[in-house]
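Shown below: upload.txt, with compact mmCIF, C-alpha atoms.
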# COMPACT_ATOMS: atom_id res chain seq x y z
CA MET W 1 0.00 0.00 0.00
CA MET W 2 1.32 3.40 -0.93
CA SER W 3 2.05 5.73 1.98
CA GLU W 4 0.62 9.23 2.08
CA GLU W 5 4.10 10.60 1.54
CA ASP W 6 4.55 8.56 -1.67
CA ASP W 7 1.10 9.38 -3.00
CA PHE W 8 1.70 12.63 -4.81
CA ASP W 9 0.83 14.04 -8.18
CA LEU W 10 3.78 14.54 -10.57
CA ASN W 11 1.91 17.59 -11.89
CA ASP W 12 2.50 19.32 -8.53
CA LEU W 13 6.27 19.33 -9.03
CA ASP W 14 8.08 22.21 -10.68
CA ASP W 15 10.24 21.43 -13.72
CA LYS W 16 13.49 20.90 -11.81
CA GLU W 17 11.80 18.66 -9.23
CA LEU W 18 10.02 16.73 -11.97
CA VAL W 19 13.24 16.03 -13.87
CA GLU W 20 14.81 14.75 -10.64
CA GLN W 21 11.71 12.67 -9.94
CA ILE W 22 11.83 11.13 -13.43
CA GLN W 23 15.48 10.27 -12.85
CA ASP W 24 14.59 8.69 -9.49
CA ASP W 25 11.69 6.76 -11.04
CA LEU W 26 13.93 5.61 -13.87
CA TYR W 27 16.50 4.45 -11.30
CA ASP W 28 13.73 2.48 -9.57
CA GLY W 29 12.57 0.97 -12.88
CA LEU W 30 9.09 2.51 -12.66
CA ASP W 31 8.11 2.69 -16.31
CA ALA W 32 4.56 4.04 -15.84
CA GLU W 33 5.87 6.94 -13.73
CA VAL W 34 8.68 7.73 -16.20
CA THR W 35 6.18 7.72 -19.05
CA GLU W 36 3.85 10.03 -17.12
CA GLY W 37 6.66 12.42 -16.20
CA THR W 38 7.80 12.54 -19.82
CA GLU W 39 4.29 13.40 -20.97
CA ILE W 40 3.99 16.19 -18.36
CA LEU W 41 7.27 17.83 -19.42
CA LEU W 42 6.16 17.75 -23.07
CA ALA W 43 2.78 19.20 -22.11
CA ARG W 44 4.62 22.04 -20.36
CA GLY W 45 6.27 22.89 -23.65
CA TRP W 46 9.64 21.22 -23.14
CA ASP W 47 11.58 20.33 -26.27
CA ALA W 48 11.70 16.54 -26.75
CA ASN W 49 15.50 16.64 -26.99
CA ASP W 50 15.72 18.33 -23.60
CA VAL W 51 13.36 15.81 -22.00
CA LEU W 52 15.46 13.02 -23.44
CA GLY W 53 18.81 14.50 -22.50
CA GLU W 54 18.05 15.88 -19.05
CA ALA W 55 15.51 13.45 -17.65
CA LEU W 56 16.03 10.11 -19.38
CA VAL W 57 19.68 10.06 -20.46
CA GLY W 58 20.58 11.97 -17.29
CA GLY W 59 18.86 9.25 -15.26
CA MET W 60 20.53 6.43 -17.17
CA LYS W 61 23.94 8.03 -16.63
CA ILE W 62 23.40 7.77 -12.88
CA VAL W 63 22.37 4.13 -13.39
CA GLY W 64 25.51 3.56 -15.46
CA VAL W 65 27.78 4.95 -12.76
CA ASP W 66 26.12 2.86 -10.03
CA PHE W 67 26.37 -0.26 -12.21
CA ARG W 68 30.06 0.38 -12.74
CA ASP W 69 30.56 0.88 -9.00
CA GLY W 70 28.77 -2.35 -8.13
CA ILE W 71 25.78 -0.65 -6.48
CA LEU W 72 23.35 -1.84 -9.16
CA PHE W 73 23.42 -5.19 -10.91
CA VAL W 74 22.17 -6.38 -14.29
CA PRO W 75 18.54 -7.07 -13.24
CA GLU W 76 18.15 -3.55 -11.83
CA VAL W 77 19.81 -1.98 -14.87
CA LEU W 78 17.42 -3.87 -17.14
CA LYS W 79 14.45 -2.56 -15.17
CA CYS W 80 15.86 0.98 -15.54
CA ALA W 81 16.29 0.41 -19.28
CA GLY W 82 12.70 -0.80 -19.49
CA ALA W 83 11.56 2.40 -17.78
CA MET W 84 13.64 4.53 -20.16
CA LYS W 85 12.06 2.70 -23.11
CA GLY W 86 8.65 3.86 -21.84
CA GLY W 87 9.74 7.48 -22.12
CA MET W 88 11.53 6.89 -25.42
CA LYS W 89 8.36 5.45 -26.93
CA ILE W 90 6.69 8.83 -26.48
CA LEU W 91 9.68 10.89 -27.54
CA ARG W 92 10.80 8.85 -30.58
CA PRO W 93 8.10 10.04 -33.03
CA ILE W 94 8.57 13.65 -31.95
CA LEU W 95 12.36 13.38 -32.30
CA ALA W 96 12.01 11.70 -35.70
CA GLU W 97 10.28 14.78 -37.06
CA SER W 98 13.18 16.99 -36.06
CA ALA W 99 15.90 14.42 -36.80
CA GLU W 100 17.41 16.48 -39.62
CA ASP W 101 18.34 19.22 -37.20
CA THR W 102 19.58 17.26 -34.23
CA SER W 103 20.81 13.82 -35.34
CA LEU W 104 24.43 13.02 -34.58
CA GLY W 105 24.45 10.59 -37.51
CA LYS W 106 24.03 6.86 -37.94
CA PHE W 107 25.42 4.30 -35.53
CA VAL W 108 25.55 0.66 -36.68
CA ILE W 109 25.83 -1.80 -33.80
CA GLY W 110 25.81 -5.58 -33.53
CA THR W 111 27.05 -8.57 -31.53
CA VAL W 112 29.75 -10.46 -33.39
CA LYS W 113 29.58 -13.91 -34.97
CA GLY W 114 29.27 -16.85 -32.59
CA ASP W 115 27.80 -14.73 -29.81
CA ILE W 116 24.13 -14.45 -28.93
CA HIS W 117 24.46 -12.05 -26.00
CA ASP W 118 22.81 -8.71 -26.53
CA ILE W 119 21.87 -7.16 -23.20
CA GLY W 120 24.86 -4.79 -23.06
CA LYS W 121 24.71 -4.11 -26.77
CA ASN W 122 21.04 -3.15 -26.53
CA LEU W 123 21.79 -0.83 -23.60
CA VAL W 124 24.47 0.89 -25.69
CA ALA W 125 22.03 1.15 -28.62
CA MET W 126 19.44 2.74 -26.35
CA MET W 127 21.91 5.20 -24.83
CA CYS W 128 23.24 6.15 -28.27
CA GLU W 129 19.72 6.71 -29.52
CA GLY W 130 19.17 8.85 -26.44
CA ALA W 131 22.32 10.81 -27.24
CA GLY W 132 20.92 11.63 -30.69
CA PHE W 133 22.18 8.90 -33.02
CA GLU W 134 20.06 7.06 -35.53
CA VAL W 135 20.84 3.52 -34.43
CA ILE W 136 20.85 0.57 -36.82
CA ASN W 137 20.84 -2.50 -34.60
CA LEU W 138 22.09 -5.60 -36.42
CA GLY W 139 21.20 -7.94 -33.57
CA ILE W 140 23.29 -10.98 -32.64
CA ASN W 141 25.70 -13.46 -34.26
CA ASN W 142 26.84 -11.15 -37.05
CA PRO W 143 29.41 -12.34 -39.57
CA VAL W 144 31.68 -9.69 -41.08
CA GLU W 145 29.44 -9.48 -44.17
CA ASN W 146 26.59 -8.05 -42.08
CA TYR W 147 28.76 -5.17 -40.86
CA LEU W 148 30.11 -4.47 -44.36
CA GLU W 149 26.64 -4.49 -45.93
CA ALA W 150 25.30 -2.20 -43.21
CA ILE W 151 28.21 0.22 -43.76
CA ASP W 152 27.54 0.25 -47.51
CA GLU W 153 23.83 0.74 -47.04
CA HIS W 154 23.73 3.22 -44.16
CA GLU W 155 27.09 5.01 -44.34
CA PRO W 156 27.27 5.26 -40.54
CA VAL W 157 29.55 7.63 -38.71
CA ILE W 158 30.31 4.84 -36.20
CA VAL W 159 30.26 1.03 -36.17
CA GLY W 160 30.03 -0.63 -32.76
CA MET W 161 30.85 -4.27 -32.06
CA SER W 162 29.92 -6.20 -28.95
CA ALA W 163 30.88 -9.59 -27.48
CA LEU W 164 30.37 -11.24 -24.12
CA LEU W 165 32.57 -14.27 -24.64
CA THR W 166 36.33 -14.51 -24.54
CA THR W 167 35.99 -16.96 -27.41
CA THR W 168 34.05 -14.57 -29.67
CA MET W 169 35.73 -11.23 -29.01
CA PRO W 170 38.70 -11.94 -31.32
CA TYR W 171 36.23 -11.96 -34.24
CA MET W 172 36.12 -8.18 -33.93
CA GLY W 173 39.62 -8.19 -35.40
CA VAL W 174 38.25 -9.87 -38.54
CA VAL W 175 35.73 -7.06 -39.01
CA VAL W 176 38.40 -4.39 -38.45
CA GLU W 177 40.70 -6.06 -40.96
CA GLU W 178 38.00 -6.25 -43.65
CA MET W 179 37.03 -2.61 -43.09
CA GLU W 180 40.69 -1.68 -43.41
CA LYS W 181 41.06 -3.64 -46.66
CA ARG W 182 38.04 -1.93 -48.17
CA GLY W 183 39.08 1.55 -47.11
CA MET W 184 36.04 1.91 -44.88
CA ARG W 185 37.89 3.18 -41.82
CA LYS W 186 38.45 6.61 -43.27
CA ASP W 187 34.82 7.61 -42.87
CA THR W 188 33.65 5.19 -40.21
CA HIS W 189 34.85 5.25 -36.61
CA ILE W 190 34.95 1.88 -34.84
CA MET W 191 33.99 1.22 -31.24
CA CYS W 192 33.91 -2.00 -29.25
CA GLY W 193 32.56 -3.14 -25.92
CA GLY W 194 31.53 -6.14 -23.85
CA ALA W 195 32.22 -7.56 -20.40
CA PRO W 196 35.52 -9.36 -21.14
CA LEU W 197 36.98 -6.52 -23.26
CA ASN W 198 39.35 -3.80 -22.20
CA GLN W 199 41.37 -0.99 -23.75
CA GLU W 200 44.37 -3.27 -24.16
CA PHE W 201 42.34 -5.65 -26.33
CA ALA W 202 40.87 -2.77 -28.35
CA ASP W 203 44.41 -1.47 -28.98
CA ALA W 204 45.58 -4.93 -30.04
CA ILE W 205 42.91 -5.27 -32.74
CA GLY W 206 43.18 -1.67 -33.87
CA VAL W 207 39.87 -0.37 -32.51
CA PRO W 208 40.33 3.24 -31.41
CA ALA W 209 37.47 3.38 -28.92
CA TYR W 210 36.59 0.93 -26.16
CA GLY W 211 33.39 1.69 -24.26
CA ARG W 212 33.54 0.31 -20.74
CA ASP W 213 29.78 0.68 -20.20
CA ALA W 214 26.66 1.85 -22.02
CA ALA W 215 26.67 5.41 -20.69
CA ARG W 216 30.37 5.95 -21.40
CA SER W 217 30.03 4.40 -24.87
CA ALA W 218 27.30 6.88 -25.78
CA GLU W 219 29.39 9.75 -24.41
CA MET W 220 32.41 8.63 -26.44
CA ALA W 221 30.32 8.31 -29.59
CA GLU W 222 28.94 11.81 -29.07
CA GLU W 223 32.42 13.21 -28.35
CA HIS W 224 33.70 11.67 -31.58
CA VAL W 225 31.01 13.31 -33.70
CA LEU W 226 31.37 16.68 -31.99
CA SER W 227 35.13 16.55 -32.49
CA LEU W 228 34.62 15.77 -36.21
CA ARG W 229 32.26 18.71 -36.51
CA LYS W 230 34.71 20.99 -34.73
CA LYS W 231 37.50 19.98 -37.12
CA ARG W 232 35.20 20.49 -40.10
CA ASP W 233 34.16 23.95 -38.85
CA HIS W 234 37.82 24.98 -38.48
CA ARG W 235 38.54 24.21 -42.15
CA MET J 1 34.23 -13.87 0.28
CA ILE J 2 33.71 -17.35 1.71
CA ILE J 3 37.21 -17.79 3.00
CA ASP J 4 37.71 -19.76 6.15
CA LYS J 5 40.93 -18.30 7.47
CA LYS J 6 40.80 -20.39 10.62
CA ASN J 7 41.31 -23.50 8.48
CA THR J 8 44.29 -22.08 6.64
CA ASP J 9 46.92 -24.66 7.47
CA LYS J 10 50.32 -23.13 6.86
CA THR J 11 52.01 -26.53 6.68
CA LYS J 12 50.15 -27.33 3.48
CA LYS J 13 52.29 -25.65 0.94
CA ARG J 14 50.06 -25.78 -2.12
CA LEU J 15 47.03 -23.63 -2.56
CA VAL J 16 44.11 -24.49 -4.77
CA LEU J 17 41.97 -21.38 -5.00
CA GLY J 18 38.78 -22.17 -6.83
CA CYS J 19 35.36 -20.97 -7.81
CA GLY J 20 32.75 -21.84 -5.19
CA ALA J 21 30.74 -23.51 -7.94
CA LEU J 22 33.49 -26.17 -8.12
CA VAL J 23 33.80 -26.82 -4.40
CA TYR J 24 32.06 -30.21 -4.37
CA ASP J 25 34.03 -31.44 -7.36
CA LEU J 26 37.31 -30.23 -5.87
CA LEU J 27 36.55 -31.85 -2.51
CA ARG J 28 35.58 -35.10 -4.20
CA LEU J 29 38.82 -35.17 -6.18
CA ILE J 30 40.83 -34.59 -3.02
CA LYS J 31 38.89 -37.32 -1.23
CA GLN J 32 39.59 -39.76 -4.07
CA ASN J 33 43.31 -39.26 -3.54
CA PRO J 34 43.97 -39.14 0.22
CA SER J 35 47.62 -38.18 -0.25
CA LEU J 36 46.45 -34.86 -1.68
CA SER J 37 44.83 -33.75 1.55
CA ASP J 38 48.33 -33.45 3.09
CA LYS J 39 49.62 -31.37 0.22
CA VAL J 40 46.74 -29.10 -0.63
CA ASN J 41 44.91 -26.28 1.03
CA LEU J 42 41.62 -25.70 -0.76
CA GLN J 43 39.96 -22.29 -0.60
CA CYS J 44 36.99 -21.09 -2.61
CA LEU J 45 35.63 -17.74 -3.70
CA PRO J 46 31.91 -16.99 -4.09
CA ALA J 47 30.05 -19.06 -6.66
CA SER J 48 27.72 -16.09 -7.20
CA TRP J 49 30.55 -14.44 -9.17
CA HIS J 50 29.43 -16.75 -11.98
CA ASN J 51 26.93 -13.98 -12.76
CA SER J 52 29.41 -11.14 -12.11
CA PRO J 53 32.70 -12.17 -13.76
CA GLN J 54 34.09 -8.65 -13.36
CA LEU J 55 34.53 -9.49 -9.65
CA ILE J 56 36.67 -12.60 -10.21
CA ALA J 57 40.08 -11.10 -11.06
CA PRO J 58 40.00 -8.45 -8.28
CA GLY J 59 38.73 -11.09 -5.82
CA VAL J 60 41.50 -13.53 -6.69
CA GLU J 61 44.06 -10.73 -6.52
CA GLU J 62 42.86 -9.66 -3.09
CA TYR J 63 43.07 -13.20 -1.75
CA LEU J 64 46.48 -13.88 -3.24
CA SER J 65 47.87 -10.54 -2.05
CA GLU J 66 47.01 -11.50 1.51
CA ASN J 67 47.89 -15.19 1.37
CA SER J 68 50.26 -16.08 -1.45
CA HIS J 69 53.31 -15.85 0.82
CA LEU J 70 52.02 -18.90 2.69
CA TYR J 71 52.36 -21.21 -0.28
CA GLU J 72 55.02 -22.73 -2.50
CA ASP J 73 52.66 -23.22 -5.44
CA ILE J 74 49.33 -21.74 -6.36
CA TYR J 75 46.75 -23.39 -8.62
CA ILE J 76 43.63 -21.53 -9.62
CA ALA J 77 40.54 -23.64 -10.28
CA TYR J 78 39.03 -21.18 -12.69
CA ALA J 79 39.10 -20.94 -16.47
CA ASP J 80 39.14 -17.46 -18.00
CA CYS J 81 35.48 -17.31 -16.89
CA GLY J 82 34.58 -14.16 -18.79
CA THR J 83 37.39 -12.07 -17.34
CA GLY J 84 38.81 -11.38 -20.79
CA GLY J 85 42.38 -12.07 -19.73
CA ALA J 86 42.14 -10.02 -16.52
CA LEU J 87 42.50 -13.19 -14.42
CA ASP J 88 45.62 -14.20 -16.35
CA ARG J 89 47.19 -10.81 -15.67
CA VAL J 90 46.63 -11.33 -11.94
CA LEU J 91 47.98 -14.88 -12.06
CA GLU J 92 51.12 -13.70 -13.81
CA LYS J 93 51.91 -11.45 -10.84
CA PHE J 94 51.71 -14.41 -8.47
CA ASP J 95 53.22 -17.04 -10.77
CA ALA J 96 49.99 -19.04 -10.47
CA LYS J 97 48.44 -21.44 -12.98
CA ARG J 98 44.82 -21.83 -14.00
CA ILE J 99 42.83 -24.42 -15.94
CA GLU J 100 42.89 -23.91 -19.68
CA GLY J 101 39.68 -22.92 -21.41
CA ALA J 102 37.11 -20.18 -21.58
CA HIS J 103 34.86 -21.39 -18.77
CA CYS J 104 33.94 -24.42 -16.67
CA TYR J 105 31.58 -25.74 -19.33
CA GLU J 106 34.55 -26.05 -21.65
CA PHE J 107 36.94 -27.69 -19.20
CA PHE J 108 34.26 -30.07 -17.92
CA ALA J 109 33.08 -31.17 -21.38
CA GLY J 110 36.42 -30.85 -23.15
CA THR J 111 37.02 -28.31 -25.90
CA ASP J 112 36.01 -30.61 -28.77
CA VAL J 113 32.69 -31.62 -27.23
CA PHE J 114 31.93 -28.06 -26.17
CA GLU J 115 32.65 -26.70 -29.64
CA GLN J 116 30.48 -29.41 -31.18
CA LEU J 117 27.60 -28.51 -28.85
CA SER J 118 27.97 -24.80 -29.64
CA GLU J 119 28.05 -25.51 -33.38
CA GLU J 120 24.94 -27.67 -33.14
CA GLU J 121 23.02 -24.93 -31.38
CA LEU J 122 24.57 -21.56 -30.61
CA GLY J 123 21.66 -20.72 -28.34
CA THR J 124 22.56 -23.34 -25.77
CA PHE J 125 22.33 -22.70 -22.06
CA TYR J 126 24.60 -24.92 -19.96
CA LEU J 127 24.20 -26.27 -16.47
CA THR J 128 26.61 -28.20 -14.28
CA ASP J 129 25.89 -30.23 -11.12
CA TYR J 130 26.42 -27.13 -9.00
CA LEU J 131 24.17 -24.97 -11.13
CA VAL J 132 21.39 -27.57 -11.14
CA LYS J 133 21.64 -27.99 -7.38
CA ASN J 134 21.65 -24.22 -6.82
CA PHE J 135 19.48 -23.26 -9.77
CA ASN J 136 17.04 -21.12 -7.82
CA ARG J 137 19.72 -19.20 -5.95
CA ILE J 138 22.22 -18.65 -8.77
CA MET J 139 19.99 -18.50 -11.84
CA ILE J 140 16.52 -17.43 -10.69
CA LYS J 141 17.37 -15.13 -7.77
CA GLY J 142 20.83 -14.26 -9.12
CA LEU J 143 19.34 -12.93 -12.35
CA GLY J 144 16.49 -11.24 -10.48
CA LEU J 145 13.87 -13.46 -12.13
CA ASP J 146 12.14 -14.13 -8.81
CA LYS J 147 11.27 -10.44 -8.48
CA HIS J 148 11.11 -9.55 -12.17
CA PRO J 149 9.97 -12.57 -14.18
CA GLU J 150 9.34 -10.24 -17.11
CA LEU J 151 13.15 -10.10 -17.56
CA PHE J 152 13.13 -13.73 -18.70
CA GLU J 153 12.64 -12.66 -22.31
CA VAL J 154 15.52 -10.17 -22.09
CA TYR J 155 17.92 -12.80 -20.77
CA PHE J 156 16.87 -15.87 -22.68
CA LYS J 157 15.18 -14.84 -25.91
CA HIS J 158 18.01 -16.22 -28.05
CA TYR J 159 18.35 -19.55 -26.21
CA LYS J 160 16.72 -22.70 -27.51
CA LYS J 161 18.38 -25.57 -25.70
CA LEU J 162 19.55 -26.55 -22.22
CA VAL J 163 22.46 -28.98 -21.93
CA TYR J 164 23.19 -30.44 -18.53
CA LEU J 165 26.92 -31.23 -18.40
CA ALA J 166 26.85 -33.55 -15.40
CA GLN J 167 29.88 -34.26 -13.21
CA THR J 168 28.20 -37.10 -11.34
CA GLU J 169 25.21 -39.35 -11.92
CA ASN J 170 22.31 -38.08 -9.86
CA GLU J 171 18.78 -38.97 -10.86
CA GLN J 172 17.15 -36.13 -8.95
CA TRP J 173 19.38 -33.51 -10.56
CA GLN J 174 18.66 -34.98 -13.99
CA LYS J 175 14.93 -34.68 -13.31
CA ASP J 176 15.40 -31.13 -12.03
CA ALA J 177 17.45 -30.06 -15.05
CA GLN J 178 14.88 -31.54 -17.40
CA GLN J 179 12.14 -29.67 -15.56
CA TYR J 180 14.09 -26.37 -15.80
CA ALA J 181 14.42 -26.92 -19.55
CA LYS J 182 10.68 -27.56 -19.77
CA ASP J 183 9.89 -24.47 -17.67
CA PHE J 184 12.08 -22.33 -19.91
CA GLY J 185 10.66 -23.86 -23.08
CA PHE J 186 14.05 -25.25 -24.18
CA GLU J 187 15.09 -28.54 -25.75
CA TYR J 188 16.96 -30.72 -23.27
CA GLU J 189 20.11 -32.79 -23.49
CA TYR J 190 21.95 -34.64 -20.77
CA ARG J 191 25.66 -35.41 -20.97
CA LEU J 192 27.63 -37.11 -18.24
CA VAL J 193 31.04 -35.49 -18.80
CA GLY J 194 32.65 -35.82 -15.36
CA THR J 195 35.14 -33.26 -14.12
CA GLY J 196 37.16 -33.06 -17.34
CA SER J 197 40.40 -31.15 -17.06
CA LEU J 198 39.65 -30.00 -13.51
CA ASP J 199 41.60 -33.14 -12.57
CA VAL J 200 44.73 -31.66 -14.15
CA VAL J 201 45.18 -29.36 -11.17
CA PHE J 202 45.56 -32.30 -8.84
CA GLU J 203 47.50 -34.46 -11.24
CA GLU J 204 50.22 -31.82 -11.32
CA ILE J 205 50.22 -31.47 -7.56
CA ASP J 206 50.34 -35.22 -7.08
CA ILE J 207 53.29 -35.67 -9.44
CA GLN J 208 55.44 -32.84 -8.20
CA PRO J 209 57.36 -33.47 -4.98
CA LEU J 210 56.81 -30.90 -2.30
CA GLU J 211 59.86 -28.75 -1.63
CA ILE J 212 59.82 -27.13 1.74
CA LYS J 213 61.98 -24.04 1.74
CA ASP J 214 63.76 -22.95 4.91
What is this structure when it is put down as structure tokens?
Amino acid sequence: MMSEEDDFDLNDLDDKELVEQIQDDLYDGLDAEVTEGTEILLARGWDANDVLGEALVGGMKIVGVDFRDGILFVPEVLKCAGAMKGGMKILRPILAESAEDTSLGKFVIGTVKGDIHDIGKNLVAMMCEGAGFEVINLGINNPVENYLEAIDEHEPVIVGMSALLTTTMPYMGVVVEEMEKRGMRKDTHIMCGGAPLNQEFADAIGVPAYGRDAARSAEMAEEHVLSLRKKRDHR
Amino acid sequence: MIIDKKNTDKTKKRLVLGCGALVYDLLRLIKQNPSLSDKVNLQCLPASWHNSPQLIAPGVEEYLSENSHLYEDIYIAYADCGTGGALDRVLEKFDAKRIEGAHCYEFFAGTDVFEQLSEEELGTFYLTDYLVKNFNRIMIKGLGLDKHPELFEVYFKHYKKLVYLAQTENEQWQKDAQQYAKDFGFEYEYRLVGTGSLDVVFEEIDIQPLEIKD
């Protein structure tokens, strides 16, 4: 039974309090409350990008930090992600309309061949979408051909590869090598991630960016695009 | 950590530091060869790290930092276990050896059998004796499925088959594993594979004479 203290109307909160409340609700995996809070901010005239960035992505960043520090574990993070999806469902169509102005570009992501694990990869996809990327999610068990075809078709600014198994992570090197051979690395940045990976492994296979968790991966992807734009503007 | 420091016998100069999920198998192997009990000090780290492999390398390092000076030789009853080489980097510091392979499923079944099973069905979920016996604690509660059954789809949507890689013959565990497969909607296969290359740890210890340094 809900206590009197808990039983309040989200409409009674001012904007700052509501954003914090959405972040708290997201942290607690309360999808109905996150959805409601998102709708209220939009009804108050908030830009969908701001709702996404401040309330939802802001909340998931806190989740990401607590996951990294061992305060939250996978089940809790998945509940948080489920709650964020509730808000994203409302924001996605609104963001799609204004995608030309705000998109950071296309981000192709997939789990490599021989590996069916996709929880982390899907979290990264969600965070990157939240950061403003148009995400093309290739799913699981992807041979090199899938990455190459997706690069040809979508011309992404970034390709992300994921693996959970020590036995499958070396396959990332195959994808890097093929991209190198075909001259695809000039225009496409490569990122990798997954529980058994580390920067040392990324360096060894020639991947410039290793994302240690979903929140950091999205930040790194955003930083890459902003740095490209800065360089372009200086020319 | 489940470390019983009171039982740390400093006269036993070889340490076997293993995953808690292997404790029954390790104890059985020691029991089968009574001479080992004089040579080996067995310690185990939490089996729950099966679901949190990022804790394994730091946990092993912490234990070895505090205790490695007590032992002549150190054997680690872990495979890589999803540490992505992090465990090997720790072991290098302490000149310790581990079991070859990616995880216990591989060293129990043997690499050839494990690769064959993976090729037959990539979406295979493996259980061992320990995981069958502790299924509710490690798999159901450990993955939060007791509180959030809706996460089942997120965890298992790509799995189609459950293979029970048994270390011992136990009818009840076979029935339980088959029931778990049924509950999850997976095909079921039973393979009695024994302890596989886990035995290697003790074979090496048994062969090598103990050298007590002054």
For CA of Lys31 in chain J and CA of Asp88 in chain J, determine how far apart the two atoms are, in Å to one decimal place.
-> 28.4 Å
Would you please work out which residue, of W:Asp69, W:Glu222, W:Glu134, W:Asp9, is nearest to Glu36 in chain W when using all atoms listed in the file?
-> W:Asp9
Point (14.7, 2.2, -13.7), cut-off 9 Å, counting all atoms listed in the file, residues as a list in words |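 The answer, in the requested form, is Gln23, Asp24, Asp25, Leu26, Tyr27, Asp28, Gly29, Leu30, Asp31, Val34, Gly59, Met60, Val63, Glu76, Val77, Leu78, Lys79, Cys80, Ala81, Gly82, Ala83 and Met84 of chain W.
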Hey, can you spit out that residue selection with C-alpha atoms as an mmCIF file, in the coordinates of the input?
data_model
loop_
_atom_site.group_PDB
_atom_site.id
_atom_site.type_symbol
_atom_site.label_atom_id
_atom_site.label_comp_id
_atom_site.auth_asym_id
_atom_site.auth_seq_id
_atom_site.Cartn_x
_atom_site.Cartn_y
_atom_site.Cartn_z
ATOM 1 C CA GLN W 23 15.480 10.270 -12.850
ATOM 2 C CA ASP W 24 14.590 8.690 -9.490
ATOM 3 C CA ASP W 25 11.690 6.760 -11.040
ATOM 4 C CA LEU W 26 13.930 5.610 -13.870
ATOM 5 C CA TYR W 27 16.500 4.450 -11.300
ATOM 6 C CA ASP W 28 13.730 2.480 -9.570
ATOM 7 C CA GLY W 29 12.570 0.970 -12.880
ATOM 8 C CA LEU W 30 9.090 2.510 -12.660
ATOM 9 C CA ASP W 31 8.110 2.690 -16.310
ATOM 10 C CA VAL W 34 8.680 7.730 -16.200
ATOM 11 C CA GLY W 59 18.860 9.250 -15.260
ATOM 12 C CA MET W 60 20.530 6.430 -17.170
ATOM 13 C CA VAL W 63 22.370 4.130 -13.390
ATOM 14 C CA GLU W 76 18.150 -3.550 -11.830
ATOM 15 C CA VAL W 77 19.810 -1.980 -14.870
ATOM 16 C CA LEU W 78 17.420 -3.870 -17.140
ATOM 17 C CA LYS W 79 14.450 -2.560 -15.170
ATOM 18 C CA CYS W 80 15.860 0.980 -15.540
ATOM 19 C CA ALA W 81 16.290 0.410 -19.280
ATOM 20 C CA GLY W 82 12.700 -0.800 -19.490
ATOM 21 C CA ALA W 83 11.560 2.400 -17.780
ATOM 22 C CA MET W 84 13.640 4.530 -20.160
#
Please check which residues have atoms at most 6 Å from (31.8, 6.1, -43.9) in the file's coordinates, counting only C-alpha atoms, and write them as a PyMOL selection string.
-> chain W and resi 155-157+187-188
Please, which residues in chain J fall within 12 Å of chain W when counting all atoms listed in the file, and what is the closest atom pair and distance in Å to one decimal for each, ordered by chain then residue number, as a tab-separated table?
residue	atom	partner	partner_atom	distance
J:Trp49	CA	W:Phe73	CA	11.8
J:Asn51	CA	W:Val74	CA	9.1
J:Ser52	CA	W:Phe73	CA	8.5
J:Pro53	CA	W:Ala195	CA	8.1
J:Gln54	CA	W:Ala195	CA	7.4
J:Leu55	CA	W:Gly70	CA	9.3
J:Ile56	CA	W:Pro196	CA	11.5
J:Ala57	CA	W:Pro196	CA	11.2
J:Ala79	CA	W:Thr166	CA	10.7
J:Asp80	CA	W:Thr166	CA	7.7
J:Cys81	CA	W:Thr166	CA	8.2
J:Gly82	CA	W:Pro196	CA	5.4
J:Thr83	CA	W:Pro196	CA	5.0
J:Gly84	CA	W:Pro196	CA	3.9
J:Gly85	CA	W:Pro196	CA	7.5
J:Ala86	CA	W:Pro196	CA	8.1
J:Leu87	CA	W:Pro196	CA	10.4
J:Arg89	CA	W:Glu200	CA	11.7
J:Gly101	CA	W:Thr167	CA	9.2
J:Ala102	CA	W:Thr166	CA	6.4
J:His103	CA	W:Thr166	CA	9.1
J:Glu106	CA	W:Thr167	CA	10.9
J:Thr111	CA	W:Thr167	CA	11.5
J:Phe114	CA	W:Thr167	CA	11.9
J:Glu115	CA	W:Thr167	CA	10.5
J:Ser118	CA	W:Gly114	CA	8.6
J:Glu119	CA	W:Gly114	CA	8.8
J:Glu120	CA	W:Gly114	CA	11.7
J:Glu121	CA	W:Gly114	CA	10.3
J:Leu122	CA	W:Gly114	CA	6.9
J:Gly123	CA	W:Ile116	CA	6.8
J:Thr124	CA	W:Ile116	CA	9.6
J:Phe125	CA	W:Ile116	CA	10.9
J:Met139	CA	W:Pro75	CA	11.6
J:Ile140	CA	W:Pro75	CA	10.9
J:Lys141	CA	W:Pro75	CA	9.8
J:Gly142	CA	W:Pro75	CA	8.6
J:Leu143	CA	W:Pro75	CA	6.0
J:Gly144	CA	W:Pro75	CA	5.4
J:Leu145	CA	W:Pro75	CA	8.0
J:Asp146	CA	W:Pro75	CA	10.5
J:Lys147	CA	W:Pro75	CA	9.3
J:His148	CA	W:Pro75	CA	7.9
J:Pro149	CA	W:Pro75	CA	10.2
J:Glu150	CA	W:Lys79	CA	9.4
J:Leu151	CA	W:Pro75	CA	7.5
J:Phe152	CA	W:Pro75	CA	10.2
J:Glu153	CA	W:Ile119	CA	10.8
J:Val154	CA	W:Ile119	CA	7.1
J:Tyr155	CA	W:Ile119	CA	7.3
J:Phe156	CA	W:His117	CA	9.1
J:Lys157	CA	W:Ile116	CA	9.5
J:His158	CA	W:Ile116	CA	6.4
J:Tyr159	CA	W:Ile116	CA	8.2
J:Lys160	CA	W:Ile116	CA	11.2
How big is the axis-aligned box around the listed atoms of range 154-166 of chain W once 4 Å is added on each side, and where is its centre? Give both in Å to one decimal, as JSON.
{"center_x": 30.0, "center_y": -3.4, "center_z": -34.2, "size_x": 20.6, "size_y": 30.1, "size_z": 28.2}
